[in-house]
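I have placed the structure first, in the form of structure tokens, so that the comments after it can refer back to it.
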Amino acid sequence: MDKNNLIKAYGDTYNDGKIQLSFTLPIQKGLEAEEAARKYCLQLGLKEVEVVHMRDLSEGFTFFVVYAISNVVVDKSKISVAKIDTEEMSYYEINDYIKDKIKRKLTVVGACTGTDAHTVGLDAILNMKGYAGEYGLERYPQYNTFNLGSQVPNEALIKKAVEVDADAVLISQVVTQKDIHIKNLTEFVEILEAEGLRDNYILVLGGPRISHELALELGFDAGFGSGTKPNQVASYIAQKVFENNFKDGDINE
Amino acid sequence: MDKNNLIKAYGDTYNDGKIQLSFTLPIQKGLEAEEAARKYCLQLGLKEVEVVHMRDLSEGFTFFVVYAISNVVVDKSKISVAKIDTEEMSYYEINDYIKDKIKRKLTVVGACTGTDAHTVGLDAILNMKGYAGEYGLERYPQYNTFNLGSQVPNEALIKKAVEVDADAVLISQVVTQKDIHIKNLTEFVEILEAEGLRDNYILVLGGPRISHELALELGFDAGFGSGTKPNQVASYIAQKVFENNFKDGDINE
Amino acid sequence: MTPKLNLDQKLINLCRNYTSKIADDIEQKIENNTTTSVERTVLRLLGVDGVDKHGIPLPNVVVEKIKAKDKLNRGISYWFGNGLLQTDLDVQTLADKIGKNEIDLLNLPQEDNDKVNDFIYKKAKESIKPIKENVKKRDQMMDEFSPGPKPWLYVIVATGNIYEDVKQAKAAARQGADIIAVIRSTAQSLLDYVPYGPTTEGFGGTYATQENFKIMREALDEVIKKEGHYVQLVNYCSGLAMPEIAAMGAIERLDMMLNDAMYGILFRDINMKRTFIDQHFSRMINAFAGVIINTGEDNYLTTSDAVNEAHTVLASQFINEELGLRTGLKKEQLGLGHAFEINPELEDSFLLELAQAQMVRQIFSDSPLKYMPPTKYINGDIFRGHLMDGMFNLASIMTDQSIQLLGMLTEAIHTPFLQDRALSIENAKHVFNSARSLSDEIQFRPDGKIQKRADQVLNETAEILKEISDKGLMQSLSEGIFADIKRPVQGGKGAEGVVEKSENYFNPFYKLLKKELNISNG
Amino acid sequence: MTPKLNLDQKLINLCRNYTSKIADDIEQKIENNTTTSVERTVLRLLGVDGVDKHGIPLPNVVVEKIKAKDKLNRGISYWFGNGLLQTDLDVQTLADKIGKNEIDLLNLPQEDNDKVNDFIYKKAKESIKPIKENVKKRDQMMDEFSPGPKPWLYVIVATGNIYEDVKQAKAAARQGADIIAVIRSTAQSLLDYVPYGPTTEGFGGTYATQENFKIMREALDEVIKKEGHYVQLVNYCSGLAMPEIAAMGAIERLDMMLNDAMYGILFRDINMKRTFIDQHFSRMINAFAGVIINTGEDNYLTTSDAVNEAHTVLASQFINEELGLRTGLKKEQLGLGHAFEINPELEDSFLLELAQAQMVRQIFSDSPLKYMPPTKYINGDIFRGHLMDGMFNLASIMTDQSIQLLGMLTEAIHTPFLQDRALSIENAKHVFNSARSLSDEIQFRPDGKIQKRADQVLNETAEILKEISDKGLMQSLSEGIFADIKRPVQGGKGAEGVVEKSENYFNPFYKLLKKELNISNG
Ligand code: B12
Ligand code: B12
Ligand SMILES: Cc1ncc(COP(=O)(O)O)c(C=O)c1O
Ligand SMILES: Cc1ncc(COP(=O)(O)O)c(C=O)c1O
């Protein structure tokens, strides 16, 4: 086990383990409260706990800011994260790729499902104007894009996907309170599987709290988080379609 | 064990255990870094770790902001903190108290010891003008005050205390890097004890990182932290002197 | 002292001429119609409350029965008033019996029209007395306990549980908040009724019910007396039940209501006619109840760019102003909305924010502007977020804003924690205090960037207002004039609730409030 | 464009007349003296470096031997120059042999005075060439790699370990810092010598040694080339070894030096004469090396109240300016210090800060002001601290400050963590960018609070400057005119290092630099 792979938090010296915390406790401000905060951090396994700020929030609550030392060590070499393996292409490369290798337009259906009305993220990927200087999928000649907008029930989305024989279904989930998105997304995949439709589509998930990791767990093919650019999604879908449908180059549809 | 005494961190619902952290890890920004931060928090025993922000600090460092859930519980009823037991009096009450009950002026010597040059805190307690609307000890007719100022060696302070036959010795320590204050204060008490002078003085410690608790550990009689007002210190010294020298009211000196 | 910006008053007047034309057109399109929600509101104002055995609110039950038989075009007041006359029952008992199907309003003998109307008009007079009382009470309390200097600190609670909300609202008030808004549960705006009783579950917010209003009002009144500082209560007077919520708010002495003429159309895809009719009646009620309304232009900037679309915000404010004034709202009751949503990475973005804020401040000089915080460009960096909120607070005190919706450092992460709210209040108090009179001290350079920006936005505003007044507002909305959102004129939710009035249609409160508010036309 | 404040130019001129009188008096009091540190500096400039077997720096060894025999009044240059002539050794070898007691300068045959002086003067000319080269090099690099727009972002590193410092300095530079200061170890200013070699231990800072200067300079030059952005390096030219550090800095191409005429007296209890003599010579060196000095008025406000004592800051700036100009420093090299230290709980405190910052900006229009962040009123609430730093940054961009010492949200807690520094850089960049041209856009109301405050401070300044010019600066200092600190005229550390010159005293660099800087009198 290589020492250099073991990392600790860094304040101003290697391995000093310094970290910052802030939290609120339901306790009246005072010396006891300060001690309670200290104990709280000690129980987290922290050392040299410094309660540097304590503020009365009234109604029996107190807010604390703490600096402390943690001896936690993470082994860099033991970290592995699932990543999207397709390579990122440009708007033009993608359209050519589809024209040359897939030889037909691709169809995608997207929606903000459940009660989620946050369309800006999905629109950033799908709308003409796009995001961060990149055109959205609607602008791609090789993509037929259906953007169903906000608060779309899972059933309605699936119905549409079937109707237009989509290659990929895109879902945006922004509201995550009380894991409402988990419930909603699980339900979506379950319906698909129940109806034996799961394998007909590439399932793409996105949102500020979405990771590829989480998407896979939920039974999606890919997940895109904050800062995603449309071309990244377009590249992914095109290459996946190719992978799935065209074994070693020979067309068999 | 009364359930109501068991407290958890409060985000927006009782016992949700939500806390905030920020820290830096010596790792290149990226998905692995994010995962490393997550693992770091999991090892701290945290749940539902959300790495909400990650920033490249260059030179192979990355900064993280995290929200997570901690199941740590603190038992309010088990918290006890040492407190200064003397009661806080006003400027006039204190002078009268000394005149009436001790019947002689008290002498105090104060200094910022070691390499510490932070005099503002000590001056706030000792100088005429005082602090937060309260006069400093120099202004008290019943106190002879010697303020030796900054960077005073322990020996010099003790020499002065002996010379003026002080009732109390006041030390300010503001710089705490590398526990320099601990070393310095321990040395001070050791010298006193070596010379058999410890019991001749009430030892008062102060500074923004000083707690009464810590002062006692270091062998002082009292410790005063941030926001201390001069009258609190003056009340304490007067009442302690009375306690120590005048058993049940009858003068025996 | 001379205003910071030298704005073209002729252009401003021109804008108001356009909006007057726009409003005429809208009124003409709606005056011959009523809606189920308006009629339910009549019942609520008369005192009908409660639910039937299926939990359906009685106002809905009663109105639906009449509508089912296509008799609502005469207005619920005739049928219900006639019912009272025939049965001699009190309002609530009659409603209960209708709910239990023990009485069918349509099967009772029918008194002569005028007699019923006179009778119900008297009843209406009676029933608005408590609202008058509330207005008095508010005025007295505000005299005794100051609501604090402007900009007022406005924070939200959104736990979904009214009792949890109360804790957080009290804490916020103690920490120095001047205004508490209870955010509604996400889906409520699309409910064609108002939920009943105290509620403890909701997503991203807490249901707006009369009982919840009462609980929060009492909690705050308690704090007011403790702290000697009047704390204003806000809720959402929007969605399919817009006018009913106005009535509930009037009865429970809410102080402010989010209440926009077009928000429902744009952001909740509610039918245009339905929305314009409902907003009109609900605003008459708010006007009478002395409620300050908050309009929702800020929302445009969550989907559109704050630099390019700045003029749409101003245009919408002009429209909300005109439509509002015509419902009897005083200028002092128009909390026109705008927001600090320009990308801070843009060089001199703060100057553009100042230009916009100062411009609307001068144009709507008597109205309490509602200034919304940065949200879109807040990210997970809570320290940066706190700084941006500080810049927002400074812009506000530099331009004399009125209602300051505090930004949260955790905006990009979660609905506010107790500590987030406390930090945002600390932030605003800190900035406001240390720069209290900055606005009196600074002037903007003539022909400088700020002045030029304001002129540009005002010009663009005049242009689209002209366009809108030519096309008509409904048509313009259908073409996506605001927030890049297109809505079909005939489409949208709640269209079925629009009912054409018969010539003997009567709404006692409409008549009464017009008199009380002495509204001339419309 | 017209200045924001309308200041009384006559009053400003009057202040400068007073300081000129004050400076005359000081010069007259010091011109007949030299100090051990000045003489050590002569040796360092000639090329003497290294330590003896006890680790004592050779410049100290050589000078002490002469002083021990009371022969220093003639100046070290004669004795050392004569030594070189007699022994034909190179500078370093001679110094080594003296250190090893193999040569005793006082026992060598003595050349005629003028011959030695001519010889050593030539040597001096030779030895300042590398410094000239450094100036050229800096100019070239600054042309190629811009130092960035003002206000410059100035951050400190203070780990105590030069190698750790390097990491953090590079990181800061990459994050956008324009200036890196390596804070010194706490006690160094009281050392009557300069430590030698690279160091890895220090309290609250890292020792200033020539080797450490070199290491950091190289590290930054590397970043400069990578980032295409010139990063300036700062250290502390103060304390008992003040002029030696100036020489070291000149040789290692430091760009700025904290270098104040009175800081040592006030905050380190160093003897007045010693300080004034040392600052004079050290400033000539800084002037010649193209170094920007930073004065320390900001420190006054750590012990005195920023509202009541604001005029002492301005008065001290006038004095530092006059004394500085007389040493050949150009106005462009005077980084006059002030600070954002008013209690933010004070209503309108931000207005008072603006008044002060704008006032000094206008009075010292050609000088790069050094603006210090809030420190005293920062507490453990890091969120509030970050906000205060944002207000400070805004005040700076609103008043065209030059050198922005970034505040840290953890100011009340610890010396900066890597992440603290990154956040403070982000804060400054964010505010500066979003309010880049705000200063051009705003004007202050005539006779407004800000204008009145500036007038008041300027008036009070003229008054105490008059008082000081009457009493003399030394007397005034002894009475506690600055920072409430009293220092006896004769007392203080390092007095024993002051030596009265004999009439045949000679300092080749003094003559040389006066010529180079074409300084007339003094
Ligand atoms: C704008 C906004 C709104 C607007 C939405 C307008 C609209 N038409 O979208 C309005 C004002 C209507 C709104 C309302 C509400 N909002 Co809102 N809102 C925001 C805000 C400020 C910005 C979101 C945004 O537009 N980001 C910009 C886009 C471009 O970023 P993005 O969504 O992350 O998308 C990118 C990536 O995630 C990815 N991506 C996203 N989706 C997809 C999909 C696919 C297929 C792919 C491949 C990629 C992808 O690509 C995008 C581009 O890079 C956030 C706070 C914040 N600063 O994040 C709160 C926020 C999301 N809202 C929140 C809440 C609670 C609400 C309300 C429920 C509050 C209430 N009770 O009224 C309501 C109800 C709305 C509803 N029913 O869902 C919370 C959510 C908390 C949580 N974690 O659950 C937030 C975080 C604010 C907060 N702190 O409370 N909101
Ligand atoms: C002012 C100041 C200075 C001034 C000091 C001027 C002076 N004559 O005091 C100057 C500029 C000289 C200075 C220098 C340095 N400082 Co300094 N300084 C501060 C600052 C900004 C404020 C301290 C202060 O005056 N507080 C106001 C007083 C009233 O509060 P207080 O000290 O807490 O005192 C109260 C209580 O603690 C208590 N109390 C205090 N003492 C006593 C004693 C007794 C007997 C009693 C009963 C009570 C009591 O009562 C007081 C009133 O309520 C702090 C940062 C901060 N905001 O706290 C940094 C700070 C203390 N300084 C710091 C450092 C590192 C230094 C330097 C070493 C930096 C350097 N390398 O140059 C130098 C060296 C000084 C030295 N040799 O010690 C660090 C200390 C870090 C640490 N925890 O170790 C701080 C925290 C800044 C930082 N984040 O880096 N500093
Ligand atoms: C004017 C107005 N009404 C209503 C709402 C909220 O409505 P809903 O409850 O439909 O989310 C907002 C949200 O910001 C608003 O600005
Ligand atoms: C002008 C000046 N010189 C020197 C210093 C630091 O000196 P020392 O190394 O003595 O702490 C400061 C500290 O702020 C300063 O302002």
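In the structure tokens, the first chain shown is A, the next is B, and so on; residue numbers restart at 1 for each chain, and ligands run from 1 in the order shown.
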
Check every protein, DNA and RNA residue against ligand 2, keep those with an atom at most 7 Å away (counting only C-alpha atoms and all ligand atoms), and present them as a ChimeraX atom specification. /B:110,115-122,124-125,131,170-177,204-208,223-229,233 /D:158,183-187,203-205,267,299,302-303,375-379,410-416

Ala181 of chain D environment, 6 Å, only C-alpha atoms, sequence neighbours closer than 6 positions dropped, as a list in words: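 Counting only C-alpha atoms, the residues come to Ile156, Leu233, Val234 and Asn235 of chain D.
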
Can you tell me, as a tab-separated table (two decimals) with N, CA, C and O atoms, in the first residue's frame, what residues are no more than 6 Å from Ser22 of chain A when counting only C-alpha atoms, ignoring any on the same chain fewer than 2 positions away?
chain	number	residue	atom	x	y	z
A	64	PHE	N	-23.48	26.77	15.32
A	64	PHE	CA	-22.06	26.67	15.63
A	64	PHE	C	-21.20	26.61	14.38
A	64	PHE	O	-21.59	26.02	13.37
A	65	VAL	N	-20.04	27.25	14.46
A	65	VAL	CA	-19.00	27.06	13.46
A	65	VAL	C	-17.81	26.43	14.17
A	65	VAL	O	-17.43	26.88	15.26
B	20	GLN	N	-23.04	20.77	7.81
B	20	GLN	CA	-22.27	21.28	6.68
B	20	GLN	C	-20.78	21.11	6.98
B	20	GLN	O	-20.35	21.31	8.12

Just need the residues of chain B within 6 Å of chain A, counting only C-alpha atoms, so spit them out as a VMD selection string. chain B and resid 9 to 10 19 to 25

Chain D residues near chain B (7 Å cut-off, only C-alpha atoms) as a list in words: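 Close to chain B, chain D has Ala171, Arg174, Gln175, Ala187, Thr303, Gln419 and Ala422 of chain D.
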
All residues 12 Å or closer to Arg104 of chain A, only C-alpha atoms, same chain fewer than 5 positions away omitted, as number ranges by chain: A: 95-99, 141-144, 167, 238, 241-242, 251, 253

Cut-off 9 Å, only C-alpha atoms and all ligand atoms, neighbours of ligand 3 as JSON, numbers by chain: {"C": [183, 184, 185, 186, 187, 188, 189, 190, 205, 235, 236, 237, 238, 239, 257, 258, 259, 260, 261, 262, 263, 264, 267, 268, 293, 294, 295, 296, 297, 298, 299, 337]}

Would you save the residues from that selection as a PDB file, in the first residue's frame, using C-alpha atoms?
ATOM      1  CA  ILE C 183     -44.301  28.711   0.534  1.00  0.00           C
ATOM      2  CA  ARG C 184     -47.021  26.490  -0.861  1.00  0.00           C
ATOM      3  CA  SER C 185     -46.746  22.851  -1.681  1.00  0.00           C
ATOM      4  CA  THR C 186     -45.612  22.425  -5.259  1.00  0.00           C
ATOM      5  CA  ALA C 187     -48.793  21.192  -6.846  1.00  0.00           C
ATOM      6  CA  GLN C 188     -51.350  23.311  -5.008  1.00  0.00           C
ATOM      7  CA  SER C 189     -51.699  25.960  -7.668  1.00  0.00           C
ATOM      8  CA  LEU C 190     -53.280  23.378  -9.941  1.00  0.00           C
ATOM      9  CA  GLY C 205     -43.876  23.861   0.767  1.00  0.00           C
ATOM     10  CA  ASN C 235     -49.058  33.556   1.126  1.00  0.00           C
ATOM     11  CA  TYR C 236     -49.786  32.722  -2.492  1.00  0.00           C
ATOM     12  CA  CYS C 237     -52.907  34.150  -4.035  1.00  0.00           C
ATOM     13  CA  SER C 238     -52.491  32.385  -7.337  1.00  0.00           C
ATOM     14  CA  GLY C 239     -53.464  29.236  -9.186  1.00  0.00           C
ATOM     15  CA  MET C 257     -50.168  38.011  -1.215  1.00  0.00           C
ATOM     16  CA  LEU C 258     -48.218  36.831  -4.208  1.00  0.00           C
ATOM     17  CA  ASN C 259     -50.767  37.769  -6.830  1.00  0.00           C
ATOM     18  CA  ASP C 260     -49.851  38.257 -10.445  1.00  0.00           C
ATOM     19  CA  ALA C 261     -52.058  38.914 -13.452  1.00  0.00           C
ATOM     20  CA  MET C 262     -50.184  36.505 -15.702  1.00  0.00           C
ATOM     21  CA  TYR C 263     -48.112  34.135 -13.571  1.00  0.00           C
ATOM     22  CA  GLY C 264     -50.692  31.371 -13.697  1.00  0.00           C
ATOM     23  CA  PHE C 267     -45.859  29.245 -15.264  1.00  0.00           C
ATOM     24  CA  ARG C 268     -48.825  27.025 -14.510  1.00  0.00           C
ATOM     25  CA  ILE C 293     -49.676  42.163  -3.562  1.00  0.00           C
ATOM     26  CA  ASN C 294     -46.404  40.794  -4.960  1.00  0.00           C
ATOM     27  CA  THR C 295     -46.195  40.319  -8.694  1.00  0.00           C
ATOM     28  CA  GLY C 296     -44.036  37.661 -10.317  1.00  0.00           C
ATOM     29  CA  GLU C 297     -41.909  39.277 -13.006  1.00  0.00           C
ATOM     30  CA  ASP C 298     -38.847  37.876 -11.289  1.00  0.00           C
ATOM     31  CA  ASN C 299     -39.858  34.446 -12.562  1.00  0.00           C
ATOM     32  CA  GLY C 337     -41.520  42.138  -8.744  1.00  0.00           C
TER      33      GLY C 337
END
